[in-house]
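J.: One structure coming up, written as structure tokens, with questions to follow.
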Amino acid sequence: MAVSSAAVQPRPSILSRSLSLLADSRNALGFGFMLPAAALLLVFLTYPLGLGIWLGFTDARIGRPGIFIGIENYQYLSDDAVFWLSVFNTLLYTISASILKFALGLWLALILNQNLPFKSFFRAIVLLPWVVPTVLSAIAFWWIYDSQFSILSWALMEMGLIDHRINFLGDPENARASVIAANVWRGIPFVAITLLAGLQTIPQSLYEAATLDGASRWQLFRFVTLPLLTPIIAITMTFSVLFTFTDFQLIYVLTRGGPVNATHLMATLSFQRGISGGQLGEGAAIAVAMIPFLLAAILFSYFGLQRRKWQQGGGD
Amino acid sequence: MAEIKSAAIKKTKRPELDEGGMGYLQSLPRRVVTVYLPLLVFVIVLLFPFYWMTITAIKPNHEMTDYANFNPFWVVHPTFEHIRYLLFDTSYPGWLLNTIIISTAATFLSLLAAVFAAYAIERLRFSGARQVGLAIFLAYLVPPSILFIPLSVMVFNLGLYDTPFALILTYPTFLVPFCTWLLMGYFRSIPFELEECALIDGASRWQILVKIVLPLSVPGLISAGIFAFTLSWNEFIYALTFIQSSENKTVPVGVLTELVRSDVYEWGALMAGALIGSLPVVVLYSFFVEHYVSSMTGAVKE
């Protein structure tokens with residue numbers, strides 16, 4: 001007994017030593033492998049993020065490094081009606097576009113989940129609005145919304161539904177509705193295709209069992225589809241909200257914030273003040289003001305992910 | 001390789017066997033109202049702007065604005081005048097070339113960094129790998145809209161303003177997190193046993209990555225590459241902010257800022273520019289649509 005334990009004694013130490021060596025090299029290797037990505041992200045993402053927050057506290061202008069002025073930018077913005085209008089517009093734009101994208105995207109996903117002829121063909125063409133550069137499709141929308149030659153106005157007038165042209169982008173209310181519609185058009189495919197992927201993971205047998213129990217079509221949707229889809233809905237909508245909230249391109253192409261700032265989002269206002277107007281500090285402060293909203297969205301996503309782990313019954 | 005391929009086939013086939021399991025319970029008229037009609041409306045609405053773009057691009061100017069004599073939905077005398085103007089009388093070809101160069105370079109740079117990072121996080125499991133993975137995910141959530149002002153200051157101070165490098169080096173800020181996240185999911189699907197065998201045979205980590213993991217993850221690399229290329233092709237706010245001179249612009253910025261003149265809108269040329277600028281990503285996408293859809297859904301499922 002004593003002999004055998006003495007004979008065994010050296011082995012764990014060698015094992016543990018080589019294990020620690022392996023762990024060391026593992027960390028060293030891991031560090032080396034992470035280096036390119038980490039360098040790129042630290043230099044061009046983390047540092048600018050900090051620099052942006054710093055710039056928000058300075059009066060930097062283009063071509064002139066600013067000095068620290070405390071929260072003066074924020075004080076100025078808190079009295080600025082245009083800034084608060086842009087916050088309101090951003091929230092309105094994000095909430096209404098996200099609800100529409102979710103409802104229509106889910107509907108389209110449910111349709112595409114049916115047994116359709118040419119299913120993969122439909123799936124492919126439905127994604128097109130999402131693939132094409134936003135600016136270029138926004139230019140097409142600009143032409144569709146043209147005040148004089150709008151094809152929508154023309155078609156509606158031919159059908160006798162309206163008697164004069166719609167001023168899509170010239171009137172504040174119309175302009176808001178028009179940019180939201182264009183954003184929804186571009187966002188539906190992403191929501192639909194990701195939700196479709198979620199739908200396809202739901203076992204058909206659950207529907208069969210529920211049908212045998214006498215569930216109606218609505219009950220099938222409400223008590224089988226929706227609960228199982230919730231985790232993917234949470235993630236998809238977080239991304240959708242995030243990208244809608246920080247949208248810039250569509251507004252910049254269609255209205256540049258006009259008419260009378262009715263469609264200015266925080267991102268476009270930040271660009272207008274920071275780059276076009278040269279007030280880097282103020283522009284950065286507007287961008288920083290977006291961060292609390294983004295954090296809220298990220299936390300939402302985090303809890304969505306947590307729930308998914310819990311639903312799968314795993315701790316990891 | 002064959003195993004993974006057949007697994008991938010199974011993956012795509014399975015839903016087809018499952019789907020519409022109870023479809024026979026629906027009558028045809030009901031299906032027409034609940035499925036085909038809404039689908040038709042969706043497809044028309046989603047595709048109409050492309051149709052309108054195309055038809056405007058080949059419409060002569062006198063037809064374009066004369067709705068009384070010509071039905072706007074059709075074109076009577078198609079013309080290539082707008083496309084000819086675009087390709088020979090504007091800087092459009094140069095913008096296309098810039099966009100191709102910038103997108104390709106940014107894609108390669110990001111893929112290279114992402115492959116190593118994803119492999120390290122997913123397989124080397126160094127201490128803190130999980131936290132780094134989470135940090136990468138959070139990095140993806142940082143939008144360009146809040147980075148462009150500080151980045152423009154940096155780009156200016158580094159002397160990169162108005163050069164392609166300004167874009168090649170800043171695009172990875174959103175490409176690297178995305179590709180890493182996508183590749184992490186892909187690497188996870190490669191069996192550990194293959195790597196263990198190679199380790200026992202004395203392969204180094206580098207050899208394992210290059211000779212085993214990478215050849216097995218070619219589909220993942222392709223989809224990450226397509227995504228990255230498309231994202232950089234579509235990028236707008238950095239290109240708008242960091243590039244000043246006409247000859248260095250990318251397609252989205254060039255079309256918007258150079259083709260639009262305040263006095264008269266060249267709708268034909270604009271639409272031709274939008275159409276040609278969209279074609280490369282659409283063609284790329286149509287070749288790899290299955291990869292694209294499955295990896296997009298996969299990336300979300302992870």
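Chains: A, B, ... in order of the structure tokens. Residues: from 1 per chain. Ligands: from 1, in order shown.
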Select, as a list in words, those residues of chain B with any atom no more than 6 Å from chain A (distances computed using only C-alpha atoms).

T.: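 That gives the following set of residues: Gly20, Val35, Met53, Ala113, Phe116, Ala117, Ala120, Phe126, Ser145, Ile146, Pro150, Leu151, Thr173, Asn234, Pro252, Ala274, Ser278 and Thr297 of chain B.
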
J.: What parts of segment 23-268 of chain B does DSSP call alpha helix (DSSP H)? I'd like the answer as a ChimeraX atom specification.

T.: /B:28-31,37-57,61-64,81-89,92-119,129-140,144-157,164-170,172-188,192-200,205-207,214-216,218-234,237-242,251-258,267-268

J.: If you measure from atom CA of Leu40 of chain B to atom CA of Ser96 of chain A, what distance in Å do you get, rounded to one decimal?

T.: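 Interatomic distance, atom CA of Leu40 of chain B to atom CA of Ser96 of chain A: 24.2 Å.
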